[in-house]
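Here's final-v8.cif, which has mmCIF, C-alpha atoms:
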data_work
loop_
_atom_site.label_atom_id
_atom_site.label_comp_id
_atom_site.auth_asym_id
_atom_site.auth_seq_id
_atom_site.Cartn_x
_atom_site.Cartn_y
_atom_site.Cartn_z
CA MET A 1 47.70 92.86 135.78
CA MET A 2 47.68 93.86 139.43
CA GLY A 3 48.01 90.51 141.20
CA GLN A 4 45.28 88.71 139.24
CA THR A 5 46.18 85.41 137.59
CA ARG A 6 42.88 83.84 136.47
CA PHE A 7 40.70 84.38 133.42
CA SER A 8 37.62 85.11 135.53
CA GLN A 9 39.53 87.74 137.52
CA PHE A 10 40.62 89.55 134.36
CA LEU A 11 37.05 89.43 133.09
CA GLU A 12 35.92 91.31 136.19
CA SER A 13 38.79 93.74 136.37
CA VAL A 14 39.08 94.85 132.74
CA GLU A 15 36.12 97.16 132.36
CA GLY A 16 33.63 96.10 129.70
CA ILE A 17 35.74 93.36 128.06
CA ASN A 18 33.86 90.31 126.75
CA PRO A 19 35.18 86.76 127.23
CA LYS A 20 36.00 86.21 123.56
CA THR A 21 38.03 89.40 123.27
CA LEU A 22 39.83 88.66 126.52
CA ALA A 23 40.75 85.15 125.29
CA VAL A 24 42.16 86.59 122.06
CA ARG A 25 44.14 89.26 123.94
CA LEU A 26 45.62 86.71 126.34
CA LYS A 27 46.64 84.47 123.44
CA GLU A 28 48.28 87.43 121.67
CA MET A 29 50.14 88.44 124.82
CA GLU A 30 51.34 84.88 125.35
CA LYS A 31 52.56 84.69 121.75
CA SER A 32 54.44 87.98 122.19
CA GLY A 33 56.11 86.70 125.34
CA LEU A 34 54.39 89.23 127.63
CA ILE A 35 52.67 86.60 129.77
CA SER A 36 52.94 82.86 130.27
CA ARG A 37 50.07 80.40 130.70
CA GLN A 38 50.38 77.58 133.18
CA VAL A 39 47.92 74.68 133.26
CA TYR A 40 47.50 72.79 136.56
CA PRO A 41 45.90 69.39 135.84
CA GLU A 42 43.65 69.39 138.90
CA THR A 43 39.91 68.80 139.14
CA PRO A 44 38.56 71.21 138.15
CA ILE A 45 41.46 72.22 135.93
CA ARG A 46 43.25 75.39 137.01
CA ILE A 47 44.89 77.81 134.58
CA GLU A 48 47.05 80.68 135.73
CA TYR A 49 48.64 83.55 133.84
CA THR A 50 51.91 85.16 134.94
CA ILE A 51 53.45 88.34 133.59
CA SER A 52 56.99 88.01 132.17
CA GLU A 53 59.95 90.39 132.53
CA LYS A 54 59.19 91.65 129.00
CA GLY A 55 55.56 92.21 130.00
CA LYS A 56 56.58 94.18 133.09
CA ALA A 57 58.91 96.29 130.93
CA LEU A 58 55.84 97.68 129.11
CA LYS A 59 54.77 99.47 132.27
CA PRO A 60 56.69 102.73 131.72
CA ILE A 61 55.36 102.95 128.16
CA ILE A 62 51.79 102.48 129.32
CA GLU A 63 52.26 104.96 132.17
CA GLN A 64 53.62 107.59 129.80
CA MET A 65 50.75 106.97 127.40
CA ALA A 66 48.25 107.28 130.27
CA ALA A 67 49.81 110.56 131.42
CA PHE A 68 49.73 111.92 127.86
CA SER A 69 46.09 110.90 127.30
CA MET A 70 44.88 112.33 130.59
CA LYS A 71 46.47 115.67 129.73
CA TYR A 72 45.97 115.99 125.96
CA CYS A 73 43.01 113.73 125.16
CA CYS A 74 40.94 114.43 128.29
CA ASP A 75 37.87 115.40 126.25
CA THR A 76 37.82 111.85 124.86
CA ILE A 77 38.65 109.81 127.94
CA PHE A 78 36.96 111.63 130.82
CA LYS A 79 33.23 112.25 131.13
CA ASP A 80 33.82 115.75 132.49
CA GLY A 81 36.38 116.42 129.76
CA LYS A 82 38.86 117.88 132.24
CA PRO A 83 42.59 117.06 132.24
CA ARG A 84 44.15 115.19 135.16
CA THR A 85 47.71 114.34 136.12
CA PHE A 86 48.93 110.77 136.52
CA LYS A 87 49.33 111.39 140.24
CA GLU A 88 45.75 112.68 140.62
CA VAL A 89 44.36 109.50 139.10
CA PHE A 90 46.78 106.84 140.34
CA GLY A 91 48.04 108.44 143.56
CA LYS A 92 51.72 108.18 142.64
CA GLN A 93 54.29 109.88 140.47
CA ILE A 94 55.48 108.06 137.41
CA LYS A 95 58.75 106.21 137.82
CA ILE A 96 61.02 105.51 134.96
CA LEU A 97 63.48 102.84 133.91
CA SER A 98 66.79 104.02 132.53
CA MET B 1 61.83 116.48 114.51
CA MET B 2 65.31 117.62 115.49
CA GLY B 3 65.38 121.21 114.28
CA GLN B 4 64.11 120.52 110.77
CA THR B 5 61.12 122.50 109.54
CA ARG B 6 60.85 121.80 105.81
CA PHE B 7 59.34 118.95 103.81
CA SER B 8 62.59 118.32 101.93
CA GLN B 9 64.53 118.10 105.20
CA PHE B 10 62.15 115.49 106.61
CA LEU B 11 62.42 113.54 103.38
CA GLU B 12 66.18 113.32 103.85
CA SER B 13 66.17 112.67 107.57
CA VAL B 14 63.42 110.03 107.86
CA GLU B 15 65.14 106.94 106.53
CA GLY B 16 63.46 105.38 103.51
CA ILE B 17 60.23 107.40 103.61
CA ASN B 18 58.69 108.29 100.25
CA PRO B 19 57.21 111.74 99.54
CA LYS B 20 53.62 110.55 99.41
CA THR B 21 53.80 108.74 102.76
CA LEU B 22 55.56 111.73 104.34
CA ALA B 23 52.82 114.08 103.09
CA VAL B 24 50.12 111.82 104.55
CA ARG B 25 51.96 111.57 107.90
CA LEU B 26 52.43 115.34 108.15
CA LYS B 27 48.73 115.90 107.40
CA GLU B 28 47.75 113.36 110.08
CA MET B 29 50.05 114.96 112.63
CA GLU B 30 48.68 118.42 111.81
CA LYS B 31 45.11 117.15 112.22
CA SER B 32 46.01 115.60 115.58
CA GLY B 33 47.52 118.89 116.78
CA LEU B 34 51.05 117.50 116.99
CA ILE B 35 52.52 119.96 114.48
CA SER B 36 51.39 123.17 112.81
CA ARG B 37 51.91 124.14 109.18
CA GLN B 38 52.78 127.70 108.28
CA VAL B 39 52.70 128.99 104.69
CA TYR B 40 54.89 131.98 103.82
CA PRO B 41 53.60 133.55 100.56
CA GLU B 42 57.02 134.30 99.12
CA THR B 43 58.46 133.41 95.73
CA PRO B 44 59.09 130.54 95.74
CA ILE B 45 56.50 129.74 98.36
CA ARG B 46 57.92 128.61 101.72
CA ILE B 47 56.17 126.14 104.02
CA GLU B 48 57.41 125.41 107.52
CA TYR B 49 56.30 122.87 110.09
CA THR B 50 56.58 123.49 113.82
CA ILE B 51 56.07 120.98 116.61
CA SER B 52 53.38 121.84 119.20
CA GLU B 53 53.42 121.39 122.97
CA LYS B 54 51.27 118.27 122.49
CA GLY B 55 53.73 116.97 119.91
CA LYS B 56 56.67 117.50 122.24
CA ALA B 57 54.78 115.66 124.99
CA LEU B 58 54.98 112.47 122.90
CA LYS B 59 58.75 112.38 123.41
CA PRO B 60 58.79 110.35 126.67
CA ILE B 61 56.41 107.79 125.16
CA ILE B 62 58.59 107.39 122.09
CA GLU B 63 61.75 107.20 124.21
CA GLN B 64 60.25 104.48 126.39
CA MET B 65 59.11 102.57 123.30
CA ALA B 66 62.61 102.90 121.80
CA ALA B 67 64.24 101.62 125.01
CA PHE B 68 61.81 98.68 125.15
CA SER B 69 62.37 97.75 121.48
CA MET B 70 66.13 97.94 121.70
CA LYS B 71 66.09 95.57 124.66
CA TYR B 72 63.26 93.16 123.85
CA CYS B 73 62.85 93.30 120.08
CA CYS B 74 66.54 93.61 119.17
CA ASP B 75 66.41 90.62 116.82
CA THR B 76 63.89 92.54 114.72
CA ILE B 77 65.34 96.04 114.76
CA PHE B 78 69.12 95.52 114.72
CA LYS B 79 71.06 93.78 111.96
CA ASP B 80 73.33 92.07 114.49
CA GLY B 81 70.31 91.10 116.60
CA LYS B 82 71.99 92.27 119.80
CA PRO B 83 70.24 94.34 122.49
CA ARG B 84 71.36 97.90 123.23
CA THR B 85 70.46 100.45 125.89
CA PHE B 86 68.94 103.83 125.11
CA LYS B 87 72.14 105.49 126.30
CA GLU B 88 74.33 103.33 124.04
CA VAL B 89 72.37 104.39 120.97
CA PHE B 90 71.44 108.00 121.76
CA GLY B 91 74.26 108.98 124.13
CA LYS B 92 71.96 110.10 126.94
CA GLN B 93 69.80 108.67 129.69
CA ILE B 94 66.05 108.93 129.29
CA LYS B 95 64.40 111.80 131.11
CA ILE B 96 60.83 111.74 132.23
CA LEU B 97 57.95 114.17 132.69
CA SER B 98 55.93 113.85 135.87
#
This structure in structure tokens:
Amino acid sequence: MMGQTRFSQFLESVEGINPKTLAVRLKEMEKSGLISRQVYPETPIRIEYTISEKGKALKPIIEQMAAFSMKYCCDTIFKDGKPRTFKEVFGKQIKILS
Amino acid sequence: MMGQTRFSQFLESVEGINPKTLAVRLKEMEKSGLISRQVYPETPIRIEYTISEKGKALKPIIEQMAAFSMKYCCDTIFKDGKPRTFKEVFGKQIKILS
């Protein structure tokens, strides 16, 4: 989640995900304490999702997994099959928690 | 793998694993290019497993996952249910590849 908070925004930003799958994933993440769901009883109703501290703490794991995949599984994840570094794709070095 | 190379050593060092599961896991890891299996045609036959560069590259992912679990899933993984840092358990800070 990079600043998005609404279901429709996730639907646009997560490549190729369908609404049903997204709903299931959000429910799973809420149950695991990675995000929280806030309902604003306006008209029309507004629902916002916020990432938790636990959710944010997944970032270094995901970054390390991305770096690994881009180097060692590049034939599966890139059309041209060529390896890339994390910095080449995301424009920054990986930081780490300690 | 911390220096071990033999099936019997893994069996002792991986807590609670049974021989059949270990054999399946080693075969999977060989197929994924994480380890290689070398047969020495001696009497008795000797088989040694070596970790590959790709296998070693999983280390930062596993370390990050360990750090996350020990902090956020401590009620599941520790008998006393208390969180611990990576350094408290393994005696070193986590390093990172970039």
- request: Find the spatial neighbours of range 13-26 of chain A, counting only C-alpha atoms, within a cut-off of 10 Å - ignore same-chain residues fewer than 3 positions away - and output them as number ranges by chain.
  value: A: 1-2, 4, 7-10, 29-32, 34-37, 49
Closest-contact table, chain B side, partner chain A, 9 Å, counting only C-alpha atoms, as CSV:
residue,atom,partner,partner_atom,distance
B:Lys54,CA,A:Tyr72,CA,6.7
B:Ala57,CA,A:Phe68,CA,6.9
B:Leu58,CA,A:Phe68,CA,7.2
B:Pro60,CA,A:Gln64,CA,6.6
B:Ile61,CA,A:Gln64,CA,5.4
B:Ile62,CA,A:Ile61,CA,8.2
B:Glu63,CA,A:Ile61,CA,8.6
B:Gln64,CA,A:Ile61,CA,5.4
B:Met65,CA,A:Ile61,CA,6.2
B:Ala67,CA,A:Ser98,CA,8.3
B:Phe68,CA,A:Ala57,CA,6.9
B:Tyr72,CA,A:Lys54,CA,6.7
B:Thr85,CA,A:Ser98,CA,8.4
B:Phe86,CA,A:Ser98,CA,7.7
B:Lys87,CA,A:Ser98,CA,8.3
B:Gln93,CA,A:Ser98,CA,6.2
B:Ile94,CA,A:Ser98,CA,5.9
B:Lys95,CA,A:Ile96,CA,8.1
B:Ile96,CA,A:Ile96,CA,6.8
B:Leu97,CA,A:Ile94,CA,8.1
B:Ser98,CA,A:Ile94,CA,6.0
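Here CA of Leu11 in chain B is placed at a distance of 14.5 Å from CA of Lys27 in chain B.
Neighbours of Phe78 in chain A closer than or equal to 10 Å, with only C-alpha atoms counted and sequence neighbours fewer than 6 positions away skipped, come out as Ser69, Met70 and Arg84 of chain A.
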What are the coordinates of chain B as a PDB file with C-alpha atoms, in the frame of the given file following a least-squares fit to chain A on all in-order C-alpha atoms?
ATOM      1  CA  MET B   1      47.730  92.861 135.741  1.00  0.00           C
ATOM      2  CA  MET B   2      47.641  93.860 139.397  1.00  0.00           C
ATOM      3  CA  GLY B   3      47.993  90.533 141.176  1.00  0.00           C
ATOM      4  CA  GLN B   4      45.284  88.707 139.243  1.00  0.00           C
ATOM      5  CA  THR B   5      46.184  85.407 137.608  1.00  0.00           C
ATOM      6  CA  ARG B   6      42.898  83.857 136.476  1.00  0.00           C
ATOM      7  CA  PHE B   7      40.708  84.371 133.420  1.00  0.00           C
ATOM      8  CA  SER B   8      37.630  85.104 135.537  1.00  0.00           C
ATOM      9  CA  GLN B   9      39.526  87.749 137.516  1.00  0.00           C
ATOM     10  CA  PHE B  10      40.617  89.551 134.349  1.00  0.00           C
ATOM     11  CA  LEU B  11      37.056  89.419 133.081  1.00  0.00           C
ATOM     12  CA  GLU B  12      35.904  91.284 136.180  1.00  0.00           C
ATOM     13  CA  SER B  13      38.766  93.740 136.364  1.00  0.00           C
ATOM     14  CA  VAL B  14      39.053  94.829 132.711  1.00  0.00           C
ATOM     15  CA  GLU B  15      36.076  97.123 132.328  1.00  0.00           C
ATOM     16  CA  GLY B  16      33.598  96.056 129.664  1.00  0.00           C
ATOM     17  CA  ILE B  17      35.718  93.337 128.040  1.00  0.00           C
ATOM     18  CA  ASN B  18      33.852  90.293 126.737  1.00  0.00           C
ATOM     19  CA  PRO B  19      35.170  86.739 127.217  1.00  0.00           C
ATOM     20  CA  LYS B  20      35.994  86.186 123.565  1.00  0.00           C
ATOM     21  CA  THR B  21      38.023  89.396 123.243  1.00  0.00           C
ATOM     22  CA  LEU B  22      39.820  88.651 126.521  1.00  0.00           C
ATOM     23  CA  ALA B  23      40.749  85.157 125.288  1.00  0.00           C
ATOM     24  CA  VAL B  24      42.142  86.597 122.045  1.00  0.00           C
ATOM     25  CA  ARG B  25      44.132  89.269 123.936  1.00  0.00           C
ATOM     26  CA  LEU B  26      45.620  86.733 126.355  1.00  0.00           C
ATOM     27  CA  LYS B  27      46.646  84.486 123.445  1.00  0.00           C
ATOM     28  CA  GLU B  28      48.283  87.447 121.670  1.00  0.00           C
ATOM     29  CA  MET B  29      50.142  88.474 124.807  1.00  0.00           C
ATOM     30  CA  GLU B  30      51.329  84.897 125.368  1.00  0.00           C
ATOM     31  CA  LYS B  31      52.566  84.698 121.769  1.00  0.00           C
ATOM     32  CA  SER B  32      54.425  87.995 122.188  1.00  0.00           C
ATOM     33  CA  GLY B  33      56.117  86.725 125.361  1.00  0.00           C
ATOM     34  CA  LEU B  34      54.384  89.248 127.613  1.00  0.00           C
ATOM     35  CA  ILE B  35      52.668  86.626 129.780  1.00  0.00           C
ATOM     36  CA  SER B  36      52.954  82.881 130.288  1.00  0.00           C
ATOM     37  CA  ARG B  37      50.093  80.427 130.712  1.00  0.00           C
ATOM     38  CA  GLN B  38      50.383  77.595 133.190  1.00  0.00           C
ATOM     39  CA  VAL B  39      47.912  74.689 133.287  1.00  0.00           C
ATOM     40  CA  TYR B  40      47.494  72.813 136.573  1.00  0.00           C
ATOM     41  CA  PRO B  41      45.877  69.403 135.852  1.00  0.00           C
ATOM     42  CA  GLU B  42      43.636  69.392 138.903  1.00  0.00           C
ATOM     43  CA  THR B  43      39.898  68.826 139.151  1.00  0.00           C
ATOM     44  CA  PRO B  44      38.550  71.243 138.165  1.00  0.00           C
ATOM     45  CA  ILE B  45      41.435  72.236 135.952  1.00  0.00           C
ATOM     46  CA  ARG B  46      43.256  75.416 137.028  1.00  0.00           C
ATOM     47  CA  ILE B  47      44.901  77.826 134.591  1.00  0.00           C
ATOM     48  CA  GLU B  48      47.063  80.708 135.748  1.00  0.00           C
ATOM     49  CA  TYR B  49      48.658  83.560 133.848  1.00  0.00           C
ATOM     50  CA  THR B  50      51.908  85.174 134.947  1.00  0.00           C
ATOM     51  CA  ILE B  51      53.466  88.351 133.597  1.00  0.00           C
ATOM     52  CA  SER B  52      57.009  88.035 132.172  1.00  0.00           C
ATOM     53  CA  GLU B  53      59.972  90.386 132.511  1.00  0.00           C
ATOM     54  CA  LYS B  54      59.195  91.662 128.995  1.00  0.00           C
ATOM     55  CA  GLY B  55      55.580  92.227 129.997  1.00  0.00           C
ATOM     56  CA  LYS B  56      56.592  94.193 133.073  1.00  0.00           C
ATOM     57  CA  ALA B  57      58.912  96.311 130.916  1.00  0.00           C
ATOM     58  CA  LEU B  58      55.850  97.692 129.099  1.00  0.00           C
ATOM     59  CA  LYS B  59      54.778  99.484 132.281  1.00  0.00           C
ATOM     60  CA  PRO B  60      56.702 102.759 131.712  1.00  0.00           C
ATOM     61  CA  ILE B  61      55.371 102.977 128.151  1.00  0.00           C
ATOM     62  CA  ILE B  62      51.803 102.495 129.323  1.00  0.00           C
ATOM     63  CA  GLU B  63      52.275 104.978 132.173  1.00  0.00           C
ATOM     64  CA  GLN B  64      53.626 107.610 129.796  1.00  0.00           C
ATOM     65  CA  MET B  65      50.744 106.979 127.389  1.00  0.00           C
ATOM     66  CA  ALA B  66      48.259 107.284 130.277  1.00  0.00           C
ATOM     67  CA  ALA B  67      49.814 110.579 131.428  1.00  0.00           C
ATOM     68  CA  PHE B  68      49.735 111.939 127.862  1.00  0.00           C
ATOM     69  CA  SER B  69      46.089 110.915 127.312  1.00  0.00           C
ATOM     70  CA  MET B  70      44.887 112.337 130.591  1.00  0.00           C
ATOM     71  CA  LYS B  71      46.459 115.680 129.733  1.00  0.00           C
ATOM     72  CA  TYR B  72      45.946 115.982 125.976  1.00  0.00           C
ATOM     73  CA  CYS B  73      43.007 113.722 125.164  1.00  0.00           C
ATOM     74  CA  CYS B  74      40.934 114.428 128.285  1.00  0.00           C
ATOM     75  CA  ASP B  75      37.861 115.394 126.260  1.00  0.00           C
ATOM     76  CA  THR B  76      37.827 111.860 124.861  1.00  0.00           C
ATOM     77  CA  ILE B  77      38.655 109.795 127.928  1.00  0.00           C
ATOM     78  CA  PHE B  78      36.952 111.624 130.812  1.00  0.00           C
ATOM     79  CA  LYS B  79      33.217 112.226 131.120  1.00  0.00           C
ATOM     80  CA  ASP B  80      33.788 115.733 132.482  1.00  0.00           C
ATOM     81  CA  GLY B  81      36.349 116.418 129.746  1.00  0.00           C
ATOM     82  CA  LYS B  82      38.826 117.875 132.231  1.00  0.00           C
ATOM     83  CA  PRO B  83      42.557 117.060 132.246  1.00  0.00           C
ATOM     84  CA  ARG B  84      44.120 115.193 135.169  1.00  0.00           C
ATOM     85  CA  THR B  85      47.682 114.327 136.144  1.00  0.00           C
ATOM     86  CA  PHE B  86      48.930 110.773 136.543  1.00  0.00           C
ATOM     87  CA  LYS B  87      49.326 111.382 140.269  1.00  0.00           C
ATOM     88  CA  GLU B  88      45.749 112.663 140.637  1.00  0.00           C
ATOM     89  CA  VAL B  89      44.354 109.481 139.114  1.00  0.00           C
ATOM     90  CA  PHE B  90      46.775 106.812 140.354  1.00  0.00           C
ATOM     91  CA  GLY B  91      48.042 108.413 143.573  1.00  0.00           C
ATOM     92  CA  LYS B  92      51.718 108.167 142.644  1.00  0.00           C
ATOM     93  CA  GLN B  93      54.302 109.871 140.477  1.00  0.00           C
ATOM     94  CA  ILE B  94      55.524 108.017 137.417  1.00  0.00           C
ATOM     95  CA  LYS B  95      58.798 106.175 137.813  1.00  0.00           C
ATOM     96  CA  ILE B  96      61.097 105.438 134.954  1.00  0.00           C
ATOM     97  CA  LEU B  97      63.542 102.734 133.892  1.00  0.00           C
ATOM     98  CA  SER B  98      66.861 103.881 132.490  1.00  0.00           C
TER      99      SER B  98
END
task: Please write as number ranges by chain the full residue list that the PyMOL selection byres ((chain A and resi 47) around 9) yields on this file.
output: A: 5-7, 37-41, 45-46, 48-49
- request: Using CA of Ile51 in chain A and CA of Glu88 in chain B as the two end points, give the distance in Å to one decimal.
  value: 27.4 Å
